[in-house]
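Heads up, input01.txt below (compact mmCIF, C-alpha atoms and all ligand atoms):
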# COMPACT_ATOMS: atom_id res chain seq x y z
CA MET A 1 93.03 36.38 108.80
CA SER A 2 95.83 37.80 106.70
CA THR A 3 99.28 36.31 106.28
CA VAL A 4 100.58 39.27 104.26
CA ILE A 5 104.12 40.17 105.30
CA GLU A 6 103.99 43.64 106.85
CA ASN A 7 107.51 43.91 108.18
CA ILE A 8 110.79 42.06 108.06
CA ASP A 9 113.91 42.76 110.07
CA ILE A 10 117.39 41.31 110.20
CA ARG A 11 119.87 41.40 113.09
CA LYS A 12 123.35 40.07 113.72
CA ILE A 13 123.41 37.69 116.72
CA LEU A 14 125.81 35.26 118.38
CA ASP A 15 126.00 31.55 117.75
CA SER A 16 127.19 28.95 120.29
CA ARG A 17 130.81 29.23 119.11
CA GLY A 18 130.73 32.99 119.60
CA ASN A 19 130.59 33.65 115.87
CA ALA A 20 128.16 36.00 114.20
CA THR A 21 125.02 34.74 112.53
CA VAL A 22 121.66 36.22 111.55
CA GLU A 23 118.19 36.27 113.00
CA ILE A 24 115.13 37.35 111.04
CA ASP A 25 111.82 38.68 112.37
CA ILE A 26 108.75 38.67 110.14
CA THR A 27 105.47 40.28 111.09
CA THR A 28 102.05 39.85 109.56
CA GLU A 29 98.80 41.56 110.59
CA ASN A 30 98.35 39.18 113.52
CA GLY A 31 101.35 36.87 113.31
CA PHE A 32 105.05 36.85 114.10
CA GLY A 33 107.88 34.52 113.08
CA ARG A 34 111.51 34.56 114.21
CA ALA A 35 114.26 32.25 112.92
CA ALA A 36 118.05 32.17 113.29
CA ALA A 37 120.56 30.30 111.14
CA PRO A 38 123.27 27.95 112.48
CA SER A 39 126.76 27.31 111.04
CA GLY A 40 128.83 24.19 110.38
CA ALA A 41 132.53 23.50 111.02
CA SER A 42 132.84 20.29 108.97
CA THR A 43 130.84 21.58 106.03
CA GLY A 44 130.18 19.69 102.80
CA ALA A 45 131.96 21.19 99.77
CA LEU A 46 128.68 21.52 97.85
CA GLU A 47 126.64 23.24 100.54
CA VAL A 48 125.31 26.65 99.58
CA VAL A 49 127.56 29.46 100.82
CA ALA A 50 126.48 30.49 104.35
CA PHE A 51 127.44 34.16 104.28
CA PRO A 52 128.44 36.61 101.54
CA GLU A 53 132.21 36.93 101.17
CA LYS A 54 132.28 40.40 102.74
CA GLY A 55 130.37 39.28 105.83
CA ILE A 56 126.93 39.83 107.28
CA GLY A 57 127.30 43.62 107.35
CA SER A 58 127.71 43.67 103.57
CA ILE A 59 124.17 42.49 102.86
CA ILE A 60 122.34 44.79 105.24
CA ASN A 61 121.86 47.39 102.49
CA THR A 62 120.69 44.82 99.92
CA PHE A 63 118.42 43.39 102.57
CA ASN A 64 116.82 46.72 103.41
CA GLU A 65 116.60 47.95 99.83
CA GLN A 66 115.90 44.82 97.81
CA VAL A 67 114.84 41.87 99.96
CA LYS A 68 112.49 43.88 102.10
CA ARG A 69 110.95 45.68 99.13
CA GLU A 70 110.32 42.43 97.24
CA LEU A 71 108.94 40.44 100.19
CA LEU A 72 106.66 43.02 101.79
CA GLY A 73 103.12 42.35 100.61
CA ILE A 74 103.71 38.63 99.80
CA ASN A 75 101.74 36.10 101.84
CA ALA A 76 103.95 34.47 104.45
CA ASP A 77 102.47 31.05 103.63
CA GLU A 78 103.59 31.24 99.98
CA THR A 79 106.82 29.45 100.81
CA THR A 80 107.84 28.60 97.26
CA LEU A 81 107.18 32.13 96.01
CA ILE A 82 109.22 33.58 98.88
CA ASP A 83 112.08 31.15 98.26
CA ASP A 84 112.05 31.74 94.49
CA THR A 85 112.08 35.50 95.08
CA LEU A 86 115.12 35.15 97.35
CA LYS A 87 116.92 32.98 94.79
CA GLU A 88 116.16 35.49 92.05
CA ILE A 89 117.48 38.40 94.13
CA ASP A 90 120.59 36.35 94.94
CA GLY A 91 121.20 35.48 91.30
CA THR A 92 123.88 32.80 91.89
CA ASP A 93 123.52 29.02 91.93
CA ASN A 94 124.99 28.63 95.43
CA LEU A 95 123.35 31.59 97.18
CA SER A 96 126.75 33.21 97.57
CA SER A 97 125.51 36.72 97.05
CA LEU A 98 122.83 36.88 99.78
CA GLY A 99 124.20 33.93 101.75
CA GLY A 100 122.28 30.71 102.45
CA ASN A 101 122.10 31.53 106.14
CA ILE A 102 120.23 34.73 105.35
CA THR A 103 117.85 33.06 102.88
CA VAL A 104 117.13 30.10 105.16
CA ALA A 105 116.41 32.33 108.15
CA ILE A 106 113.98 34.40 106.02
CA SER A 107 112.34 31.29 104.59
CA LEU A 108 111.84 29.71 108.04
CA ALA A 109 110.77 32.97 109.73
CA ALA A 110 108.12 33.42 107.01
CA ALA A 111 106.74 29.90 107.62
CA LYS A 112 106.69 30.60 111.36
CA ALA A 113 104.90 33.93 110.78
CA ALA A 114 102.33 32.15 108.61
CA ALA A 115 101.78 29.46 111.26
CA SER A 116 101.42 32.14 113.92
CA SER A 117 98.91 34.05 111.72
CA TYR A 118 96.76 30.89 111.67
CA ASN A 119 97.40 30.47 115.39
CA LEU A 120 99.03 27.09 114.77
CA PRO A 121 102.35 25.67 115.92
CA LEU A 122 104.80 25.30 113.04
CA TYR A 123 104.80 21.48 113.03
CA LEU A 124 101.01 21.45 112.64
CA PHE A 125 100.96 24.18 110.00
CA LEU A 126 103.59 22.39 107.89
CA GLY A 127 102.75 18.78 108.71
CA GLY A 128 98.97 18.72 109.13
CA ASN A 129 96.93 17.60 112.10
CA LEU A 130 97.35 13.86 111.56
CA LYS A 131 101.06 14.03 112.34
CA ASN A 132 101.61 12.40 115.74
CA GLU A 133 105.07 10.85 115.51
CA ILE A 134 107.90 12.17 117.65
CA PRO A 135 111.47 11.58 116.38
CA TYR A 136 114.07 9.72 118.44
CA PRO A 137 116.94 11.96 119.54
CA LEU A 138 120.45 11.08 118.39
CA GLY A 139 122.36 12.48 121.35
CA ASN A 140 125.95 13.62 121.07
CA MET A 141 128.16 12.04 123.77
CA ILE A 142 131.80 12.44 122.75
CA ASN A 143 133.12 15.07 120.33
CA GLY A 144 136.25 14.65 118.25
CA GLY A 145 137.61 15.74 114.87
CA ALA A 146 136.72 19.27 113.80
CA HIS A 147 134.42 19.69 116.84
CA ALA A 148 137.07 19.20 119.54
CA GLY A 149 140.72 19.83 120.45
CA LYS A 150 143.76 17.98 119.15
CA ASN A 151 143.97 15.08 121.66
CA ALA A 152 140.33 14.11 121.22
CA PRO A 153 139.40 11.14 118.98
CA ASP A 154 139.59 11.51 115.18
CA ILE A 155 135.97 10.39 114.86
CA GLN A 156 133.83 13.53 115.03
CA GLU A 157 130.74 12.32 116.88
CA PHE A 158 130.02 9.42 119.23
CA LEU A 159 126.22 9.39 119.43
CA VAL A 160 123.51 7.30 121.08
CA VAL A 161 119.88 6.55 120.24
CA PRO A 162 117.46 5.43 123.00
CA VAL A 163 115.64 3.05 120.65
CA GLY A 164 113.60 1.54 123.50
CA ALA A 165 112.17 4.83 124.81
CA GLN A 166 108.38 5.04 124.95
CA ASN A 167 108.22 8.81 124.73
CA ILE A 168 110.49 11.80 124.12
CA THR A 169 110.87 12.64 127.81
CA GLU A 170 112.15 9.14 128.53
CA ALA A 171 114.35 9.40 125.45
CA VAL A 172 116.10 12.67 126.24
CA PHE A 173 116.63 11.73 129.90
CA ALA A 174 118.05 8.34 128.90
CA ASN A 175 120.51 10.19 126.64
CA VAL A 176 121.68 12.51 129.40
CA GLN A 177 122.14 9.54 131.73
CA VAL A 178 124.49 8.02 129.17
CA HIS A 179 126.23 11.39 128.82
CA LYS A 180 126.79 11.54 132.60
CA LYS A 181 127.97 7.92 132.72
CA ILE A 182 130.44 8.58 129.91
CA GLY A 183 131.73 11.59 131.86
CA GLU A 184 132.38 9.30 134.86
CA LEU A 185 134.07 6.64 132.75
CA ILE A 186 136.32 9.23 131.07
CA LYS A 187 137.49 10.47 134.50
CA VAL A 188 138.42 6.93 135.50
CA LYS A 189 140.37 6.38 132.27
CA ASP A 190 142.03 9.81 132.26
CA THR A 191 142.61 11.07 135.80
CA LEU A 192 143.88 14.39 134.41
CA SER A 193 140.65 15.00 132.44
CA THR A 194 139.38 18.56 132.82
CA GLY A 195 135.84 17.54 131.87
CA GLY A 196 136.03 19.74 128.76
CA LYS A 197 133.34 19.56 126.10
CA GLY A 198 133.34 20.01 122.33
CA ASP A 199 131.19 22.17 120.06
CA GLU A 200 128.07 20.00 120.35
CA GLY A 201 128.17 19.43 124.12
CA GLY A 202 129.77 15.97 123.97
CA TRP A 203 132.86 15.33 126.10
CA ALA A 204 136.13 16.20 124.38
CA PRO A 205 138.47 13.72 126.08
CA ASN A 206 142.07 12.70 125.60
CA LEU A 207 141.09 9.27 124.23
CA SER A 208 141.87 7.16 121.19
CA ASN A 209 139.00 6.16 118.89
CA TYR A 210 138.90 2.63 120.31
CA GLU A 211 139.00 3.86 123.93
CA ALA A 212 136.07 6.16 123.14
CA LEU A 213 134.20 3.33 121.39
CA GLU A 214 134.66 1.08 124.43
CA ILE A 215 133.43 3.75 126.84
CA GLN A 216 130.47 4.61 124.60
CA SER A 217 129.47 0.97 124.35
CA ARG A 218 129.86 0.29 128.08
CA ALA A 219 127.82 3.37 129.03
CA CYS A 220 125.01 2.33 126.63
CA GLU A 221 124.94 -1.12 128.18
CA GLU A 222 124.99 0.08 131.79
CA ILE A 223 122.28 2.72 131.32
CA SER A 224 120.15 0.32 129.22
CA ASN A 225 120.30 -2.14 132.14
CA GLU A 226 119.66 0.53 134.77
CA THR A 227 116.68 2.12 133.01
CA GLY A 228 115.28 -0.82 131.04
CA ILE A 229 115.44 1.44 127.95
CA LYS A 230 117.52 -0.05 125.14
CA ILE A 231 120.14 2.49 124.02
CA ARG A 232 122.35 1.90 120.99
CA PRO A 233 125.63 3.50 119.93
CA SER A 234 126.04 5.44 116.69
CA LEU A 235 128.75 7.52 114.99
CA ASP A 236 129.39 10.40 112.61
CA LEU A 237 132.92 9.98 111.24
CA ALA A 238 132.92 13.18 109.11
CA PRO A 239 135.88 11.59 107.28
CA SER A 240 136.19 14.21 104.53
CA GLU A 241 138.07 16.06 107.28
CA LEU A 242 140.52 13.11 107.52
CA TRP A 243 141.02 12.50 103.76
CA ASP A 244 144.38 13.70 102.40
CA GLY A 245 143.63 12.98 98.74
CA SER A 246 144.50 9.27 98.77
CA LYS A 247 143.84 7.95 102.28
CA TYR A 248 142.13 8.65 105.60
CA VAL A 249 144.64 10.00 108.13
CA TYR A 250 143.72 9.17 111.73
CA THR A 251 146.17 11.48 113.49
CA ARG A 252 145.12 10.68 117.07
CA GLU A 253 145.31 6.97 116.36
CA GLY A 254 148.52 7.28 114.33
CA VAL A 255 147.21 5.17 111.41
CA THR A 256 146.09 5.71 107.83
CA ARG A 257 143.41 3.76 105.97
CA ASP A 258 142.79 3.54 102.25
CA THR A 259 139.19 3.19 101.07
CA GLY A 260 139.18 -0.62 101.34
CA GLU A 261 140.68 -0.48 104.83
CA GLN A 262 138.18 2.19 105.86
CA ILE A 263 135.31 -0.05 104.76
CA GLU A 264 136.82 -3.00 106.69
CA PHE A 265 137.27 -0.78 109.76
CA LEU A 266 133.62 0.29 109.53
CA LYS A 267 132.36 -3.27 109.11
CA GLU A 268 134.35 -4.31 112.15
CA ILE A 269 133.08 -1.53 114.43
CA ILE A 270 129.48 -1.96 113.23
CA ASP A 271 129.66 -5.65 114.21
CA THR A 272 131.69 -5.30 117.40
CA TYR A 273 129.68 -2.46 118.88
CA GLN A 274 126.29 -3.24 117.31
CA MET A 275 126.19 0.23 115.80
CA PHE A 276 122.66 1.46 115.13
CA TYR A 277 123.61 4.33 112.81
CA ILE A 278 126.72 5.49 110.99
CA GLU A 279 126.81 8.95 109.42
CA ASP A 280 129.34 9.81 106.73
CA PRO A 281 131.34 6.58 106.89
CA LEU A 282 133.33 7.68 103.83
CA ARG A 283 134.45 10.97 102.26
CA GLU A 284 131.82 13.08 100.58
CA ASP A 285 132.61 12.26 96.94
CA ASP A 286 132.86 8.48 97.37
CA PHE A 287 129.39 7.49 96.13
CA GLU A 288 130.66 4.01 95.17
CA GLY A 289 132.10 3.42 98.63
CA PHE A 290 128.83 4.47 100.25
CA ALA A 291 126.95 2.07 97.94
CA GLU A 292 129.34 -0.80 98.69
CA LEU A 293 129.06 -0.33 102.46
CA THR A 294 125.26 0.01 102.25
CA ARG A 295 125.07 -3.28 100.30
CA MET A 296 127.21 -4.97 102.95
CA VAL A 297 125.66 -3.69 106.19
CA GLY A 298 122.59 -1.60 105.26
CA ASP A 299 120.21 -4.26 106.56
CA LYS A 300 121.56 -4.01 110.11
CA CYS A 301 122.83 -0.43 110.37
CA ILE A 302 121.48 2.92 109.14
CA ILE A 303 124.04 4.37 106.73
CA CYS A 304 123.45 8.11 106.61
CA GLY A 305 124.86 10.68 104.17
CA ASP A 306 125.52 14.24 105.35
CA ASP A 307 128.43 15.96 103.57
CA ILE A 308 127.83 13.73 100.53
CA PHE A 309 124.22 14.90 99.87
CA VAL A 310 124.20 18.33 101.58
CA THR A 311 120.37 18.30 101.69
CA ASN A 312 120.42 18.73 97.90
CA SER A 313 117.78 16.75 95.97
CA GLN A 314 119.84 16.62 92.77
CA ILE A 315 122.85 15.19 94.58
CA LEU A 316 120.63 12.81 96.54
CA ALA A 317 119.18 11.56 93.24
CA ARG A 318 122.70 10.47 92.20
CA GLY A 319 123.02 8.53 95.43
CA ILE A 320 119.61 6.91 95.09
CA GLU A 321 120.52 5.67 91.59
CA ILE A 322 123.37 3.54 92.92
CA GLY A 323 122.10 2.81 96.43
CA ALA A 324 124.60 5.02 98.25
CA ALA A 325 123.38 5.13 101.90
CA ASN A 326 119.85 4.48 103.15
CA ALA A 327 119.39 7.69 105.14
CA LEU A 328 120.38 11.34 104.88
CA ILE A 329 120.95 14.33 107.08
CA ILE A 330 118.56 17.24 106.61
CA LYS A 331 120.14 20.61 107.47
CA PRO A 332 118.08 23.45 106.00
CA ASN A 333 121.03 25.83 105.81
CA GLN A 334 122.97 23.39 103.60
CA ILE A 335 120.46 24.14 100.82
CA GLY A 336 119.22 27.59 101.87
CA THR A 337 115.41 27.45 101.75
CA LEU A 338 112.51 25.58 103.33
CA SER A 339 110.99 24.59 99.99
CA ASP A 340 114.26 23.06 98.74
CA THR A 341 114.68 21.29 102.09
CA TYR A 342 111.19 19.84 101.69
CA GLN A 343 111.92 18.68 98.10
CA THR A 344 114.90 16.72 99.40
CA VAL A 345 112.90 15.17 102.24
CA LYS A 346 110.18 14.17 99.80
CA LEU A 347 112.60 12.57 97.36
CA ALA A 348 114.25 10.72 100.25
CA LYS A 349 110.98 9.37 101.61
CA ASP A 350 109.71 8.41 98.15
CA ASN A 351 112.83 6.26 97.83
CA SER A 352 112.84 4.81 101.37
CA TYR A 353 115.78 6.90 102.53
CA THR A 354 115.37 7.89 106.20
CA PRO A 355 115.48 11.66 106.73
CA VAL A 356 117.41 12.70 109.86
CA VAL A 357 116.81 16.35 110.73
CA SER A 358 119.97 17.87 112.21
CA HIS A 359 121.44 20.82 114.05
CA ARG A 360 124.83 22.31 113.13
CA SER A 361 127.89 22.45 115.36
CA GLY A 362 127.49 26.24 115.68
CA GLU A 363 123.90 26.70 116.89
CA THR A 364 121.56 29.23 118.42
CA THR A 365 118.65 28.68 120.78
CA ASP A 366 116.29 28.63 117.77
CA GLU A 367 113.97 25.62 118.14
CA THR A 368 112.65 25.41 114.55
CA ILE A 369 114.23 22.06 113.62
CA ALA A 370 112.18 20.31 116.33
CA HIS A 371 109.05 21.36 114.42
CA LEU A 372 110.54 20.45 111.04
CA ALA A 373 111.43 16.95 112.20
CA VAL A 374 107.83 16.32 113.33
CA ALA A 375 106.29 17.97 110.25
CA PHE A 376 108.55 16.00 107.87
CA GLY A 377 107.86 12.72 109.70
CA ALA A 378 111.60 12.24 110.30
CA PRO A 379 112.10 9.30 112.70
CA LEU A 380 115.39 10.71 113.99
CA ILE A 381 116.60 14.15 115.03
CA LYS A 382 120.24 14.90 115.72
CA THR A 383 120.47 17.83 118.07
CA GLY A 384 122.89 16.98 120.89
CA ALA A 385 122.06 15.97 124.45
CA VAL A 386 123.14 18.85 126.69
CA GLY A 387 123.92 22.56 126.29
CA GLY A 388 121.48 25.47 126.00
CA GLU A 389 121.37 25.60 122.21
CA ARG A 390 120.86 21.79 122.04
CA ILE A 391 118.20 21.50 124.75
CA ALA A 392 116.25 24.33 123.09
CA LYS A 393 115.22 21.77 120.46
CA LEU A 394 114.87 18.79 122.84
CA ASN A 395 112.68 20.70 125.28
CA GLU A 396 110.55 21.93 122.37
CA LEU A 397 109.95 18.28 121.40
CA ILE A 398 108.74 17.63 124.96
CA ARG A 399 106.30 20.55 124.59
CA ILE A 400 105.14 19.32 121.17
CA GLN A 401 104.52 15.85 122.58
CA GLU A 402 102.54 17.35 125.44
CA GLU A 403 100.18 19.28 123.17
CA MET A 404 99.59 16.43 120.69
CA PRO A 405 96.36 14.54 121.33
CA ASP A 406 97.82 11.12 120.59
CA PRO A 407 101.64 11.20 120.40
CA VAL A 408 103.71 8.11 119.62
CA MET A 409 107.42 7.63 119.05
CA ALA A 410 108.32 7.31 115.35
CA THR A 411 108.90 3.92 113.78
CA LEU A 412 112.58 3.05 113.41
CA LYS A 413 113.58 0.70 110.63
C1 LIG B 1 126.52 18.67 112.75
C2 LIG B 1 127.60 18.40 112.02
O1 LIG B 1 128.66 19.23 111.96
P1 LIG B 1 128.75 20.63 111.23
O2 LIG B 1 127.57 21.44 111.65
O3 LIG B 1 130.06 21.17 111.72
O4 LIG B 1 128.74 20.36 109.76
C3 LIG B 1 127.72 17.16 111.23
O5 LIG B 1 128.74 16.94 110.58
O6 LIG B 1 126.78 16.38 111.21
MG MG B 2 127.66 14.94 109.84
Would you mind writing the structure in this file as structure tokens?
Amino acid sequence: MSTVIENIDIRKILDSRGNATVEIDITTENGFGRAAAPSGASTGALEVVAFPEKGIGSIINTFNEQVKRELLGINADETTLIDDTLKEIDGTDNLSSLGGNITVAISLAAAKAAASSYNLPLYLFLGGNLKNEIPYPLGNMINGGAHAGKNAPDIQEFLVVPVGAQNITEAVFANVQVHKKIGELIKVKDTLSTGGKGDEGGWAPNLSNYEALEIQSRACEEISNETGIKIRPSLDLAPSELWDGSKYVYTREGVTRDTGEQIEFLKEIIDTYQMFYIEDPLREDDFEGFAELTRMVGDKCIICGDDIFVTNSQILARGIEIGAANALIIKPNQIGTLSDTYQTVKLAKDNSYTPVVSHRSGETTDETIAHLAVAFGAPLIKTGAVGGERIAKLNELIRIQEEMPDPVMATLK
């Protein structure tokens, strides 16, 4: 069978925030791949540029004249060649001319077209047929910061991980039970609550950080007891959004914290609430702070870098050198191609950093990251708990589990 790319199309589509993004279709003789790119709100400064400055419309001509001409005739399974061709056409070091969202959608659609040409699901094509581990879902429960309105907590994401789940179905349903319980507890605390949600489907309540932490912790405990499935709280602070140049400004809480105070605050909440996972505890350029916190609590809590590493292997290498974090977020559109995403995952795993494959706050119903998480052997996937664009990935994991001959949940450190 042939994997030669016969056609490639681009279209402008909606994302979950109602913003424009791109979807790519790639056709081979007997295969088809479609991929759409998501967008972030709390983006890392060193991510590749998502869209060209003049918008999606501005690259349609380049796409039709240059990208199409160069890629037609290449084998869809030659991922590195495709990605190198895209980088060469782009000609910048941050993909600002084509836009990383365009390159990543092409790169992923090509891999999906190749998998389809071989009549294989993407996770099997990329990961091989011995892969049988399903990642645990980090479910988003409460949204704050850049993903919610102004009275919501400063902390961006209150998450949970059903660490005791025996399979992905149990895991995703345990997460939604916590989500529902948190909804009930919010209504008791705030009788005027409208039940509004943030960008990633978590509740966006009028609560302080500590009120949200208490509710998160209580809901984990109650649903763990009800279901017999141990569920642990986790957070993404996204604190680059809070940093004013010399301190973290918690507007909702009405306090500021310098770096030392931020580390103390983190130590305290990790201990008090038995946090399983903390993402971006410190601002994105504080490698030393990440290393210090990892030395202090890294044996009992996963310390994950998102905005600090931006799925970039060169930046991750700097972190590895000094022991900054012990896990990292993998968002393909932060780096712009599948092959570069894979390089970062490989470097992480070679150095015992846990890869956590993640959605973005602005998503589509594209399900590709479910396959990437399985193929990369990532033990965690962060892709929300409710909402059409979030369940697209979770339900795909249920389907993947069903078709695997011998599925097991991944091993968590
Ligand atoms: C998913 C996240 O948000 P965004 O997509 O806005 O960067 C995150 O910070 O982990
Ligand atoms: Mg993050």
> For Asp286 of chain A, which residue among A:Asn312, A:Gln177, A:Thr80, A:Gln262 is the nearest when counting all atoms listed in the file?
Replying inline: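 Distance minimum relative to Asp286 of chain A lands on A:Gln262.
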>> For a cutoff of 10 Å around the file-coordinate point (100.5, 33.1, 115.2), which residues qualify once you count all atoms listed in the file? I'd like the result as a list of chain:residue names.
In response: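 Residues satisfying the cut-off, written out: A:Thr3, A:Thr27, A:Thr28, A:Glu29, A:Asn30, A:Gly31, A:Phe32, A:Gly33, A:Lys112, A:Ala113, A:Ala114, A:Ala115, A:Ser116, A:Ser117, A:Tyr118, A:Asn119, A:Leu120, A:Pro121, A:Leu122.
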List as CSV every residue of chain A that is in contact with ligand MG 2 (chain B), defined as an atom at most 9 Å from one of its atoms (using all atoms listed in the file), together with the nearest atom pair and the distance in Å rounded to one decimal, sorted by chain and then rising number.
residue,atom,partner,partner_atom,distance
A:Ser42,CA,B:MG2,MG,7.5
A:Thr43,CA,B:MG2,MG,8.3
A:Gly44,CA,B:MG2,MG,8.9
A:Gln156,CA,B:MG2,MG,8.2
A:Glu157,CA,B:MG2,MG,8.1
A:Asp236,CA,B:MG2,MG,5.6
A:Leu237,CA,B:MG2,MG,7.4
A:Ala238,CA,B:MG2,MG,5.6
A:Glu279,CA,B:MG2,MG,6.1
A:Asp280,CA,B:MG2,MG,6.2
A:Cys304,CA,B:MG2,MG,8.6
A:Gly305,CA,B:MG2,MG,7.6
A:Asp306,CA,B:MG2,MG,5.0
A:Asp307,CA,B:MG2,MG,6.4
A:Ile329,CA,B:MG2,MG,7.3
A:Ser358,CA,B:MG2,MG,8.6
A:Arg360,CA,B:MG2,MG,8.6
> For the atom pair atom CA of Arg17 of chain A and atom CA of Ser361 of chain A, what is the interatomic distance in Å to one decimal place?
Replying inline: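 Distance reported for this atom pair: 8.3 Å.
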> Which residue out of A:Gly91, A:Pro233, A:Gly145, A:Pro52 has the minimum interatomic distance to ligand LIG 1 (chain B) when all atoms listed in the file are used?
Replying inline: A:Gly145
> What is the atom CA of Val160 of chain A-atom CA of Gly139 of chain A distance in Å, reported with one decimal?
Replying inline: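 Separating atom CA of Val160 of chain A from atom CA of Gly139 of chain A is a distance of 5.3 Å.
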>> Can you measure atom CA of Lys230 of chain A to atom CA of Ile186 of chain A for me? One decimal in Å is fine.
In response: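 Computing it gives 21.8 Å between the two atoms.
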Box dimensions and centre (Å, one decimal) enclosing ligand LIG 1 (chain B), axis-aligned, 3 Å extra per side, as lines of an AutoDock Vina configuration file:
center_x = 128.3
center_y = 18.9
center_z = 111.3
size_x = 9.5
size_y = 11.1
size_z = 9.0
> Which one is closest to Asn129 of chain A: A:Asp90, A:Asp406, A:Glu396, A:Glu367? Count all atoms listed in the file.
Replying inline: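 Closest candidate: A:Asp406.
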> For ligand LIG 1 (chain B), which of A:Gly336, A:Pro135, A:Gly198, A:Gly18 is the closest residue, counting all atoms listed in the file?
Replying inline: A:Gly198
>> From the options A:Thr62, A:Ser39, A:Thr251, A:Thr272, which residue's atoms come nearest to ligand LIG 1 (chain B), counting all atoms listed in the file?
In response: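 Using all atoms listed in the file, ligand LIG 1 (chain B) sits closest to A:Ser39.
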> Pick from A:Arg318, A:Arg295, A:Lys54, A:Arg283: nearest to ligand LIG 1 (chain B), with only C-alpha atoms and all ligand atoms counted?
Replying inline: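 For ligand LIG 1 (chain B), the nearest of the given residues is A:Arg283.
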For Gly388 of chain A, find every residue with an atom within 12 Å (counting all atoms listed in the file), except residues of its own chain fewer than 4 positions away, and show them as a PDB file with C-alpha atoms, in the coordinates of the input.
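The result, stored in result16.pdb:
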ATOM      1  CA  ASP A  15     126.000  31.550 117.750  1.00  0.00           C
ATOM      2  CA  SER A  16     127.190  28.950 120.290  1.00  0.00           C
ATOM      3  CA  ASP A 199     131.190  22.170 120.060  1.00  0.00           C
ATOM      4  CA  GLU A 200     128.070  20.000 120.350  1.00  0.00           C
ATOM      5  CA  GLY A 201     128.170  19.430 124.120  1.00  0.00           C
ATOM      6  CA  GLY A 362     127.490  26.240 115.680  1.00  0.00           C
ATOM      7  CA  GLU A 363     123.900  26.700 116.890  1.00  0.00           C
ATOM      8  CA  THR A 364     121.560  29.230 118.420  1.00  0.00           C
ATOM      9  CA  THR A 365     118.650  28.680 120.780  1.00  0.00           C
ATOM     10  CA  ASP A 366     116.290  28.630 117.770  1.00  0.00           C
ATOM     11  CA  GLU A 367     113.970  25.620 118.140  1.00  0.00           C
ATOM     12  CA  THR A 383     120.470  17.830 118.070  1.00  0.00           C
ATOM     13  CA  GLY A 384     122.890  16.980 120.890  1.00  0.00           C
ATOM     14  CA  ALA A 392     116.250  24.330 123.090  1.00  0.00           C
ATOM     15  CA  LYS A 393     115.220  21.770 120.460  1.00  0.00           C
ATOM     16  CA  LEU A 394     114.870  18.790 122.840  1.00  0.00           C
ATOM     17  CA  ASN A 395     112.680  20.700 125.280  1.00  0.00           C
TER      18      ASN A 395
END
May I ask you to restore N, CA, C and O atoms in segment 94-102 of chain A and write the result as an mmCIF file, in the frame of the given file?
data_model
loop_
_atom_site.group_PDB
_atom_site.id
_atom_site.type_symbol
_atom_site.label_atom_id
_atom_site.label_comp_id
_atom_site.auth_asym_id
_atom_site.auth_seq_id
_atom_site.Cartn_x
_atom_site.Cartn_y
_atom_site.Cartn_z
ATOM 1 N N ASN A 94 124.676 29.156 94.093
ATOM 2 C CA ASN A 94 124.990 28.630 95.430
ATOM 3 C C ASN A 94 124.685 29.647 96.527
ATOM 4 O O ASN A 94 125.213 29.552 97.629
ATOM 5 N N LEU A 95 123.805 30.565 96.227
ATOM 6 C CA LEU A 95 123.350 31.590 97.180
ATOM 7 C C LEU A 95 124.496 32.415 97.775
ATOM 8 O O LEU A 95 124.393 32.924 98.883
ATOM 9 N N SER A 96 125.572 32.541 97.004
ATOM 10 C CA SER A 96 126.750 33.210 97.570
ATOM 11 C C SER A 96 126.601 34.724 97.663
ATOM 12 O O SER A 96 127.368 35.384 98.359
ATOM 13 N N SER A 97 125.603 35.271 96.972
ATOM 14 C CA SER A 97 125.510 36.720 97.050
ATOM 15 C C SER A 97 124.718 37.164 98.295
ATOM 16 O O SER A 97 125.175 38.019 99.047
ATOM 17 N N LEU A 98 123.553 36.550 98.540
ATOM 18 C CA LEU A 98 122.830 36.880 99.780
ATOM 19 C C LEU A 98 123.359 36.069 100.962
ATOM 20 O O LEU A 98 123.358 36.525 102.099
ATOM 21 N N GLY A 99 123.774 34.843 100.690
ATOM 22 C CA GLY A 99 124.200 33.930 101.750
ATOM 23 C C GLY A 99 123.050 33.001 102.141
ATOM 24 O O GLY A 99 121.943 33.472 102.437
ATOM 25 N N GLY A 100 123.320 31.703 102.122
ATOM 26 C CA GLY A 100 122.280 30.710 102.450
ATOM 27 C C GLY A 100 121.759 30.842 103.858
ATOM 28 O O GLY A 100 120.619 30.480 104.139
ATOM 29 N N ASN A 101 122.593 31.367 104.771
ATOM 30 C CA ASN A 101 122.100 31.530 106.140
ATOM 31 C C ASN A 101 121.075 32.648 106.231
ATOM 32 O O ASN A 101 120.177 32.609 107.065
ATOM 33 N N ILE A 102 121.215 33.640 105.349
ATOM 34 C CA ILE A 102 120.230 34.730 105.350
ATOM 35 C C ILE A 102 118.941 34.233 104.706
ATOM 36 O O ILE A 102 117.850 34.416 105.241
#
